[in-house]
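Content type compact mmCIF, C-alpha atoms and all ligand atoms, from the file model29.txt:
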```
# COMPACT_ATOMS: atom_id res chain seq x y z
CA MET T 4 0.00 0.00 0.00
CA PRO T 5 1.22 3.53 -0.68
CA ASN T 6 2.52 5.47 2.32
CA ASN T 7 0.86 8.61 1.04
CA PRO T 8 -2.79 8.44 -0.09
CA GLU T 9 -2.38 11.40 -2.48
CA PRO T 10 1.11 11.25 -3.88
CA SER T 11 2.40 14.23 -5.88
CA GLU T 12 3.94 11.79 -8.37
CA THR T 13 4.01 8.03 -8.77
CA ILE T 14 7.33 6.82 -10.07
CA LEU T 15 7.95 3.24 -11.14
CA ILE T 16 11.61 2.25 -11.22
CA LEU T 17 12.38 -0.92 -13.15
CA GLY T 18 15.25 -2.11 -11.02
CA GLY T 19 17.42 -5.06 -10.17
CA THR T 20 20.61 -3.00 -10.16
CA ARG T 21 22.59 -1.08 -7.58
CA GLU T 22 21.92 2.13 -9.53
CA ALA T 23 18.16 1.56 -9.29
CA ALA T 24 18.44 1.05 -5.52
CA ASP T 25 20.49 4.26 -5.23
CA LEU T 26 17.85 6.15 -7.26
CA ALA T 27 15.04 4.88 -5.05
CA ARG T 28 16.91 5.91 -1.91
CA GLU T 29 17.69 9.41 -3.26
CA TRP T 30 14.14 10.03 -4.46
CA VAL T 31 12.44 8.75 -1.35
CA ALA T 32 14.65 11.11 0.69
CA ALA T 33 14.16 14.07 -1.67
CA ASN T 34 10.45 13.62 -2.51
CA PRO T 35 8.54 12.56 0.59
CA GLU T 36 5.25 13.36 -1.16
CA ALA T 37 5.89 11.10 -4.11
CA ARG T 38 5.15 7.41 -4.32
CA ILE T 39 8.30 5.57 -5.37
CA ILE T 40 7.87 1.95 -6.43
CA THR T 41 10.73 -0.31 -7.44
CA SER T 42 9.96 -3.37 -9.53
CA LEU T 43 12.15 -6.46 -9.37
CA ALA T 44 11.85 -9.52 -11.59
CA GLY T 45 12.22 -11.74 -8.53
CA ARG T 46 15.37 -13.59 -9.64
CA THR T 47 17.29 -12.97 -6.39
CA ARG T 48 15.89 -14.81 -3.40
CA GLU T 49 16.84 -12.20 -0.82
CA PRO T 50 17.29 -8.87 -2.56
CA ALA T 51 18.98 -6.07 -0.61
CA PRO T 52 16.45 -3.83 1.20
CA LEU T 53 15.05 -1.00 -0.91
CA ALA T 54 13.74 2.45 -0.03
CA GLY T 55 10.10 3.09 -0.93
CA GLU T 56 7.71 0.40 -2.13
CA LEU T 57 8.66 -2.87 -3.73
CA ARG T 58 6.74 -5.00 -6.20
CA THR T 59 8.10 -8.28 -7.50
CA GLY T 60 7.59 -10.47 -10.57
CA GLY T 61 6.94 -10.04 -14.28
CA PHE T 62 4.10 -7.82 -15.48
CA GLY T 63 3.01 -10.12 -18.29
CA GLY T 64 4.69 -8.51 -21.30
CA VAL T 65 4.05 -5.09 -22.82
CA GLU T 66 0.30 -5.22 -22.27
CA GLY T 67 0.72 -6.22 -18.63
CA LEU T 68 3.18 -3.43 -17.95
CA ALA T 69 0.99 -0.86 -19.73
CA ARG T 70 -1.98 -2.02 -17.63
CA TYR T 71 0.06 -1.75 -14.44
CA LEU T 72 1.13 1.80 -15.37
CA ARG T 73 -2.48 2.86 -15.94
CA GLU T 74 -3.99 1.08 -12.96
CA THR T 75 -1.31 2.27 -10.56
CA GLY T 76 -1.44 5.84 -11.87
CA VAL T 77 2.27 5.88 -12.67
CA THR T 78 3.33 9.37 -13.76
CA ARG T 79 6.93 8.51 -14.66
CA LEU T 80 8.62 5.27 -15.62
CA ILE T 81 12.34 4.85 -15.05
CA ASP T 82 14.27 2.07 -16.75
CA ALA T 83 17.23 1.45 -14.46
CA THR T 84 17.57 -2.24 -15.31
CA HIS T 85 20.75 -4.05 -16.17
CA PRO T 86 21.97 -3.17 -19.68
CA PHE T 87 21.74 -6.83 -20.75
CA ALA T 88 18.13 -7.11 -19.56
CA ARG T 89 16.94 -6.29 -23.06
CA GLN T 90 13.43 -7.67 -22.98
CA ILE T 91 12.18 -5.57 -20.08
CA SER T 92 13.78 -2.44 -21.58
CA ALA T 93 12.05 -3.08 -24.92
CA ASN T 94 8.78 -3.70 -23.06
CA ALA T 95 9.21 -0.47 -21.11
CA MET T 96 9.51 1.55 -24.34
CA GLU T 97 6.34 0.06 -25.80
CA ALA T 98 4.32 0.12 -22.60
CA ALA T 99 5.25 3.73 -21.84
CA LYS T 100 3.96 4.71 -25.29
CA LEU T 101 0.76 2.70 -24.86
CA ALA T 102 0.05 4.16 -21.43
CA GLY T 103 1.21 7.69 -22.32
CA VAL T 104 3.74 7.75 -19.48
CA PRO T 105 7.12 9.50 -19.88
CA LEU T 106 10.04 7.08 -19.85
CA ASP T 107 13.43 7.98 -18.44
CA ILE T 108 16.19 5.58 -19.49
CA ARG T 109 18.98 5.27 -16.96
CA THR T 110 20.75 2.16 -18.15
CA ARG T 111 24.52 2.31 -17.85
CA THR T 112 27.00 3.16 -20.56
CA PRO T 113 29.52 0.40 -21.28
CA TRP T 114 33.02 0.48 -19.80
CA ALA T 115 35.69 1.85 -22.10
CA ARG T 116 39.06 0.18 -22.31
CA GLN T 117 41.65 2.02 -20.20
CA PRO T 118 45.44 2.06 -20.57
CA GLY T 119 46.69 -1.21 -19.08
CA ASP T 120 43.50 -3.13 -19.87
CA ASP T 121 44.15 -6.34 -21.75
CA TRP T 122 40.80 -7.23 -23.32
CA ILE T 123 39.64 -9.59 -26.02
CA GLU T 124 36.33 -8.08 -27.12
CA VAL T 125 33.75 -10.50 -28.49
CA GLU T 126 30.11 -10.19 -29.51
CA THR T 127 28.61 -13.30 -27.99
CA LEU T 128 29.00 -15.63 -25.04
CA GLU T 129 29.75 -18.45 -27.50
CA ALA T 130 32.65 -16.44 -28.91
CA ALA T 131 33.86 -15.79 -25.35
CA ARG T 132 33.77 -19.52 -24.61
CA ASP T 133 35.78 -20.28 -27.73
CA ALA T 134 38.35 -17.57 -26.99
CA ILE T 135 39.44 -19.14 -23.68
CA PRO T 136 42.88 -20.72 -24.09
CA PRO T 137 43.20 -24.38 -23.02
CA ASN T 138 44.24 -25.06 -19.41
CA SER T 139 43.22 -21.60 -18.19
CA ARG T 140 41.72 -20.79 -14.82
CA VAL T 141 38.77 -18.54 -15.53
CA LEU T 142 36.60 -16.33 -13.35
CA LEU T 143 33.25 -16.73 -15.05
CA ALA T 144 31.48 -13.54 -14.01
CA LEU T 145 28.11 -14.29 -15.57
CA GLY T 146 24.56 -14.98 -14.46
CA SER T 147 23.73 -18.61 -13.69
CA GLN T 148 21.58 -18.92 -16.84
CA HIS T 149 24.70 -18.53 -19.00
CA ILE T 150 26.98 -20.98 -17.25
CA GLY T 151 25.83 -24.15 -19.06
CA LEU T 152 27.20 -22.81 -22.33
CA PHE T 153 30.74 -23.26 -20.99
CA ALA T 154 30.28 -26.94 -20.03
CA VAL T 155 32.00 -28.13 -23.21
CA ARG T 156 35.27 -26.59 -22.02
CA ASP T 157 36.47 -29.50 -19.93
CA ASP T 158 40.04 -28.28 -20.42
CA VAL T 159 39.39 -25.17 -18.31
CA HIS T 160 38.95 -24.67 -14.56
CA PHE T 161 36.11 -22.24 -13.90
CA VAL T 162 35.53 -20.19 -10.78
CA VAL T 163 31.89 -19.16 -10.60
CA ARG T 164 30.59 -16.54 -8.19
CA MET T 165 26.91 -16.52 -7.35
CA ILE T 166 24.79 -14.57 -4.90
CA ASP T 167 22.44 -17.49 -4.19
CA PRO T 168 23.49 -21.13 -4.11
CA PRO T 169 22.36 -22.86 -7.30
CA GLU T 170 19.32 -25.11 -7.03
CA GLN T 171 21.13 -27.86 -8.91
CA PRO T 172 24.84 -28.61 -9.19
CA LEU T 173 26.47 -26.45 -11.84
CA ASP T 174 26.72 -28.02 -15.24
CA LEU T 175 30.47 -27.51 -15.51
CA PRO T 176 33.01 -30.33 -15.47
CA ASP T 177 35.76 -28.59 -13.49
CA HIS T 178 34.81 -25.66 -11.30
CA THR T 179 34.86 -23.94 -7.93
CA LEU T 180 31.73 -22.20 -6.67
CA VAL T 181 32.18 -18.99 -4.66
CA LEU T 182 29.07 -17.68 -2.95
CA GLY T 183 28.73 -13.93 -2.46
CA ARG T 184 28.29 -10.59 -4.13
CA PRO T 185 31.03 -9.05 -6.26
CA GLY T 186 33.68 -7.23 -4.21
CA ASP T 187 33.32 -3.47 -3.86
CA THR T 188 36.99 -2.67 -4.27
CA PRO T 189 39.80 -3.80 -6.57
CA ALA T 190 41.69 -5.02 -3.46
CA VAL T 191 38.90 -7.46 -2.59
CA GLU T 192 38.70 -8.69 -6.17
CA THR T 193 42.48 -8.98 -6.38
CA MET T 194 42.44 -11.30 -3.37
CA LEU T 195 39.87 -13.52 -5.04
CA LEU T 196 41.78 -13.61 -8.33
CA ILE T 197 45.04 -14.48 -6.58
CA ALA T 198 43.45 -17.02 -4.21
CA HIS T 199 42.08 -18.97 -7.18
CA SER T 200 45.12 -18.44 -9.44
CA ILE T 201 42.85 -16.92 -12.07
CA THR T 202 44.42 -16.38 -15.49
CA HIS T 203 41.37 -14.97 -17.36
CA ILE T 204 38.07 -13.29 -16.62
CA VAL T 205 35.01 -13.79 -18.80
CA CYS T 206 32.35 -11.13 -18.31
CA ARG T 207 29.88 -8.94 -20.15
CA ASN T 208 30.41 -5.22 -20.62
CA SER T 209 27.80 -4.17 -18.10
CA GLY T 210 29.15 -0.71 -17.32
CA GLY T 211 28.59 0.94 -13.95
CA LYS T 212 30.58 0.90 -10.76
CA ALA T 213 29.27 -2.20 -9.04
CA ALA T 214 31.01 -4.79 -11.21
CA TYR T 215 34.01 -2.69 -12.21
CA ALA T 216 36.30 -3.64 -9.32
CA LYS T 217 37.20 -6.96 -10.99
CA ILE T 218 38.21 -5.10 -14.17
CA GLU T 219 40.49 -2.81 -12.17
CA ALA T 220 41.90 -5.82 -10.33
CA ALA T 221 42.57 -7.58 -13.66
CA ARG T 222 44.35 -4.47 -14.93
CA GLU T 223 46.58 -4.37 -11.85
CA LEU T 224 47.40 -8.07 -12.13
CA GLY T 225 47.86 -7.96 -15.92
CA LEU T 226 45.13 -10.57 -16.51
CA LEU T 227 43.33 -10.99 -19.77
CA VAL T 228 39.62 -10.14 -19.81
CA ILE T 229 37.36 -11.73 -22.40
CA MET T 230 34.71 -9.03 -22.66
CA VAL T 231 31.33 -9.67 -24.24
CA GLY T 232 29.92 -6.49 -25.77
CA ARG T 233 26.30 -5.46 -26.08
CA GLY T 234 26.19 -6.33 -29.76
P1 LIG T 301 14.86 -9.58 -19.34
O1 LIG T 301 15.36 -10.76 -20.07
O2 LIG T 301 14.99 -8.25 -19.97
O3 LIG T 301 13.33 -9.76 -18.94
C1 LIG T 301 12.64 -10.99 -19.01
C2 LIG T 301 11.32 -10.80 -18.33
O4 LIG T 301 11.50 -10.70 -16.92
C3 LIG T 301 10.60 -9.53 -18.72
O5 LIG T 301 9.89 -9.69 -19.93
C4 LIG T 301 9.72 -9.31 -17.51
O6 LIG T 301 8.61 -10.21 -17.52
C5 LIG T 301 10.59 -9.76 -16.37
N1 LIG T 301 11.35 -8.66 -15.78
C6 LIG T 301 12.64 -8.29 -16.04
N2 LIG T 301 13.01 -7.27 -15.27
C7 LIG T 301 11.94 -6.97 -14.49
C8 LIG T 301 11.72 -6.01 -13.49
N3 LIG T 301 12.68 -5.15 -13.09
N4 LIG T 301 10.49 -5.99 -12.90
C9 LIG T 301 9.52 -6.87 -13.28
N5 LIG T 301 9.69 -7.80 -14.22
C10 LIG T 301 10.89 -7.85 -14.82
O7 LIG T 301 15.53 -9.49 -17.88
P2 LIG T 301 16.69 -10.36 -17.21
O8 LIG T 301 17.94 -10.20 -18.01
O9 LIG T 301 16.16 -11.71 -16.92
O10 LIG T 301 16.87 -9.53 -15.86
C11 LIG T 301 15.90 -9.59 -14.85
C12 LIG T 301 16.22 -8.56 -13.78
O11 LIG T 301 17.52 -8.79 -13.26
C13 LIG T 301 16.19 -7.11 -14.26
O12 LIG T 301 15.49 -6.37 -13.28
C14 LIG T 301 17.63 -6.70 -14.33
O13 LIG T 301 17.82 -5.32 -14.03
C15 LIG T 301 18.27 -7.60 -13.29
N6 LIG T 301 19.64 -7.97 -13.64
C16 LIG T 301 19.89 -8.55 -14.85
C17 LIG T 301 21.20 -8.88 -15.18
C18 LIG T 301 21.51 -9.48 -16.53
O14 LIG T 301 22.67 -9.80 -16.75
N7 LIG T 301 20.58 -9.62 -17.43
C19 LIG T 301 22.24 -8.65 -14.28
C20 LIG T 301 21.94 -8.07 -13.04
C21 LIG T 301 20.64 -7.75 -12.73
P3 LIG T 301 7.19 -9.76 -18.08
O15 LIG T 301 7.33 -9.74 -19.57
O16 LIG T 301 6.28 -10.83 -17.57
O17 LIG T 301 6.90 -8.41 -17.51
```
Is it possible to give me this structure as structure tokens?
Ligand code: NAP
Amino acid sequence: MPNNPEPSETILILGGTREAADLAREWVAANPEARIITSLAGRTREPAPLAGELRTGGFGGVEGLARYLRETGVTRLIDATHPFARQISANAMEAAKLAGVPLDIRTRTPWARQPGDDWIEVETLEAARDAIPPNSRVLLALGSQHIGLFAVRDDVHFVVRMIDPPEQPLDLPDHTLVLGRPGDTPAVETMLLIAHSITHIVCRNSGGKAAYAKIEAARELGLLVIMVGRG
């Protein structure tokens, strides 16, 4: 239920990112008369606490989101989802048009290669998989839904970091599972990379600060990053 029965504005933030959580916190503090709702897909079992209201789960495509915008009286829609969450961003564009609600896109810009970065840039996860040299030790910094693609590489040791323990054993022949969120600082990520004798990182070019510490750590250690672009 809304905290305020007559909000000055009703803002729906499509979230699931640290930036979206930061936005919600800033706006709740700055606009006590507005209703601020963050929407999560519900992929993470215990998401970090959020300021304002929270709703969870898919809307049911474009039509469902447009209906939600109308029925909830949303006055502004913010897309602050992960840059690789393409479906919800496409839905947001369509639904905002259908419902006549202004859309503010706050998805991150990709990281740019810095001096000292040693990157192989590829377009797809398949290309990333094929670019891994034999006998490497790879930090696979990807969502669980993408891990299975790497199962054919039985000549590689993978280190997989996940926030939640997987429901089933990972479909990877040779791997170590590390539970936890990405480290906030290059020093924390450096420790992980050294502890597991990592030689390569495979990740997507997500942009933003939250996942950047591993890129800085790789730069400092001179490790190769196989970077999947947004295509
Ligand atoms: P996606 O492929 O773009 O979306 C698939 C479906 O999930 C959407 O059609 C929508 O279902 C539902 N959905 C996605 N985001 C939602 C949200 N914020 N609120 C309500 N429903 C949502 O998305 P995804 O890549 O699976 O990502 C899901 C969520 O995880 C996003 O919120 C994203 O910001 C976050 N996230 C994604 C990644 C990533 O690598 N993709 C990384 C970190 C965080 P309906 O069509 O039924 O509405």
Problem set entry | Residues near T:Val228, cut-off 7 Å, all atoms listed in the file, skip fewer than 2 positions along chain, as a list in words |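 Within the cut-off, the hits are Asp121, Trp122, Ile123, His203, Ile204, Val205, Leu226 and Met230 of chain T.
Interatomic distance, atom CA of T:Met165 against atom CA of T:Ala221: 19.1 Å.
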Exercise. Please, which residues have at least one atom within 6 Å of an atom of ligand LIG 301 (chain T), using only C-alpha atoms and all ligand atoms, listed as a PyMOL selection string?
Worked result: chain T and resi 17-20+42-44+60-64+84-85+87-91+146
For this session: Could you jot down the atom CA of T:Ile197 to atom CA of T:Arg233 separation for me, Å, one decimal place?
Result: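 Between atom CA of T:Ile197 and atom CA of T:Arg233 the gap is 28.5 Å.
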Exercise. Using only C-alpha atoms, which residues sit within 8 Å of T:Trp114 once same-chain residues fewer than 2 positions away are excluded, as a VMD selection string?
Worked result: chain T and resid 112 116 208 to 211
Problem set entry | 10 Å contact set for stretch 177-186 of chain T, all atoms listed in the file, chain neighbours under 2 positions out, as a ChimeraX atom specification | /T:140-144,154,156-169,172-175,188-195,199,213-217
Exercise. Which of these residues is nearest to T:Ile81, using all atoms listed in the file: T:Glu124, T:Glu56, T:Glu22, T:Glu223?
Worked result: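 For T:Ile81, the nearest of the given residues is T:Glu22.
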Please produce stretch 221-232 of chain T, completed to all heavy atoms, as a JSON list (two decimals), in the frame of the given file.
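Ended up saving to selection_21.json:
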```
[["chain", "number", "residue", "atom", "x", "y", "z"],
["T", 221, "ALA", "N", 41.93, -6.89, -12.53],
["T", 221, "ALA", "CA", 42.57, -7.58, -13.66],
["T", 221, "ALA", "C", 43.65, -6.70, -14.27],
["T", 221, "ALA", "O", 44.74, -7.18, -14.63],
["T", 221, "ALA", "CB", 41.51, -7.93, -14.71],
["T", 222, "ARG", "N", 43.37, -5.40, -14.37],
["T", 222, "ARG", "CA", 44.35, -4.47, -14.93],
["T", 222, "ARG", "C", 45.62, -4.48, -14.07],
["T", 222, "ARG", "O", 46.74, -4.55, -14.58],
["T", 222, "ARG", "CB", 43.74, -3.06, -14.95],
["T", 222, "ARG", "CG", 44.61, -2.01, -15.61],
["T", 222, "ARG", "CD", 43.97, -0.63, -15.47],
["T", 222, "ARG", "NE", 42.62, -0.62, -15.98],
["T", 222, "ARG", "CZ", 41.61, 0.07, -15.41],
["T", 222, "ARG", "NH1", 41.81, 0.80, -14.33],
["T", 222, "ARG", "NH2", 40.40, 0.03, -15.92],
["T", 223, "GLU", "N", 45.41, -4.41, -12.75],
["T", 223, "GLU", "CA", 46.58, -4.37, -11.85],
["T", 223, "GLU", "C", 47.39, -5.65, -11.93],
["T", 223, "GLU", "O", 48.62, -5.62, -11.85],
["T", 223, "GLU", "CB", 46.12, -4.14, -10.41],
["T", 223, "GLU", "CG", 45.86, -2.67, -10.13],
["T", 223, "GLU", "CD", 45.08, -2.44, -8.85],
["T", 223, "GLU", "OE1", 45.19, -3.27, -7.92],
["T", 223, "GLU", "OE2", 44.36, -1.43, -8.80],
["T", 224, "LEU", "N", 46.70, -6.78, -12.10],
["T", 224, "LEU", "CA", 47.40, -8.07, -12.13],
["T", 224, "LEU", "C", 47.86, -8.45, -13.53],
["T", 224, "LEU", "O", 48.53, -9.47, -13.71],
["T", 224, "LEU", "CB", 46.48, -9.17, -11.59],
["T", 224, "LEU", "CG", 46.10, -9.09, -10.11],
["T", 224, "LEU", "CD1", 45.05, -10.14, -9.77],
["T", 224, "LEU", "CD2", 47.32, -9.28, -9.23],
["T", 225, "GLY", "N", 47.48, -7.65, -14.53],
["T", 225, "GLY", "CA", 47.86, -7.96, -15.92],
["T", 225, "GLY", "C", 47.12, -9.18, -16.47],
["T", 225, "GLY", "O", 47.66, -9.91, -17.31],
["T", 226, "LEU", "N", 45.90, -9.41, -16.02],
["T", 226, "LEU", "CA", 45.13, -10.57, -16.51],
["T", 226, "LEU", "C", 44.34, -10.20, -17.75],
["T", 226, "LEU", "O", 43.90, -9.06, -17.91],
["T", 226, "LEU", "CB", 44.14, -11.05, -15.44],
["T", 226, "LEU", "CG", 44.70, -11.53, -14.12],
["T", 226, "LEU", "CD1", 43.57, -12.10, -13.26],
["T", 226, "LEU", "CD2", 45.78, -12.57, -14.33],
["T", 227, "LEU", "N", 44.12, -11.19, -18.56],
["T", 227, "LEU", "CA", 43.33, -10.99, -19.77],
["T", 227, "LEU", "C", 41.84, -11.08, -19.46],
["T", 227, "LEU", "O", 41.42, -12.00, -18.75],
["T", 227, "LEU", "CB", 43.71, -12.07, -20.79],
["T", 227, "LEU", "CG", 43.48, -11.63, -22.20],
["T", 227, "LEU", "CD1", 44.84, -11.33, -22.84],
["T", 227, "LEU", "CD2", 42.80, -12.70, -22.99],
["T", 228, "VAL", "N", 41.08, -10.14, -19.99],
["T", 228, "VAL", "CA", 39.62, -10.14, -19.81],
["T", 228, "VAL", "C", 38.98, -10.43, -21.16],
["T", 228, "VAL", "O", 39.26, -9.76, -22.14],
["T", 228, "VAL", "CB", 39.13, -8.78, -19.28],
["T", 228, "VAL", "CG1", 37.60, -8.77, -19.16],
["T", 228, "VAL", "CG2", 39.76, -8.46, -17.92],
["T", 229, "ILE", "N", 38.13, -11.44, -21.19],
["T", 229, "ILE", "CA", 37.36, -11.73, -22.40],
["T", 229, "ILE", "C", 36.01, -11.05, -22.20],
["T", 229, "ILE", "O", 35.21, -11.47, -21.36],
["T", 229, "ILE", "CB", 37.24, -13.24, -22.63],
["T", 229, "ILE", "CG1", 38.66, -13.85, -22.74],
["T", 229, "ILE", "CG2", 36.42, -13.53, -23.88],
["T", 229, "ILE", "CD1", 38.69, -15.37, -22.83],
["T", 230, "MET", "N", 35.83, -9.95, -22.92],
["T", 230, "MET", "CA", 34.71, -9.03, -22.66],
["T", 230, "MET", "C", 33.63, -9.17, -23.73],
["T", 230, "MET", "O", 33.90, -8.94, -24.91],
["T", 230, "MET", "CB", 35.28, -7.60, -22.66],
["T", 230, "MET", "CG", 34.30, -6.51, -22.36],
["T", 230, "MET", "SD", 33.83, -6.52, -20.62],
["T", 230, "MET", "CE", 35.23, -5.66, -19.88],
["T", 231, "VAL", "N", 32.44, -9.54, -23.30],
["T", 231, "VAL", "CA", 31.33, -9.67, -24.24],
["T", 231, "VAL", "C", 30.63, -8.32, -24.35],
["T", 231, "VAL", "O", 30.17, -7.77, -23.34],
["T", 231, "VAL", "CB", 30.34, -10.75, -23.77],
["T", 231, "VAL", "CG1", 29.23, -10.95, -24.81],
["T", 231, "VAL", "CG2", 31.05, -12.08, -23.50],
["T", 232, "GLY", "N", 30.57, -7.79, -25.56],
["T", 232, "GLY", "CA", 29.92, -6.49, -25.77],
["T", 232, "GLY", "C", 28.41, -6.60, -25.86],
["T", 232, "GLY", "O", 27.86, -7.71, -25.78]]
```
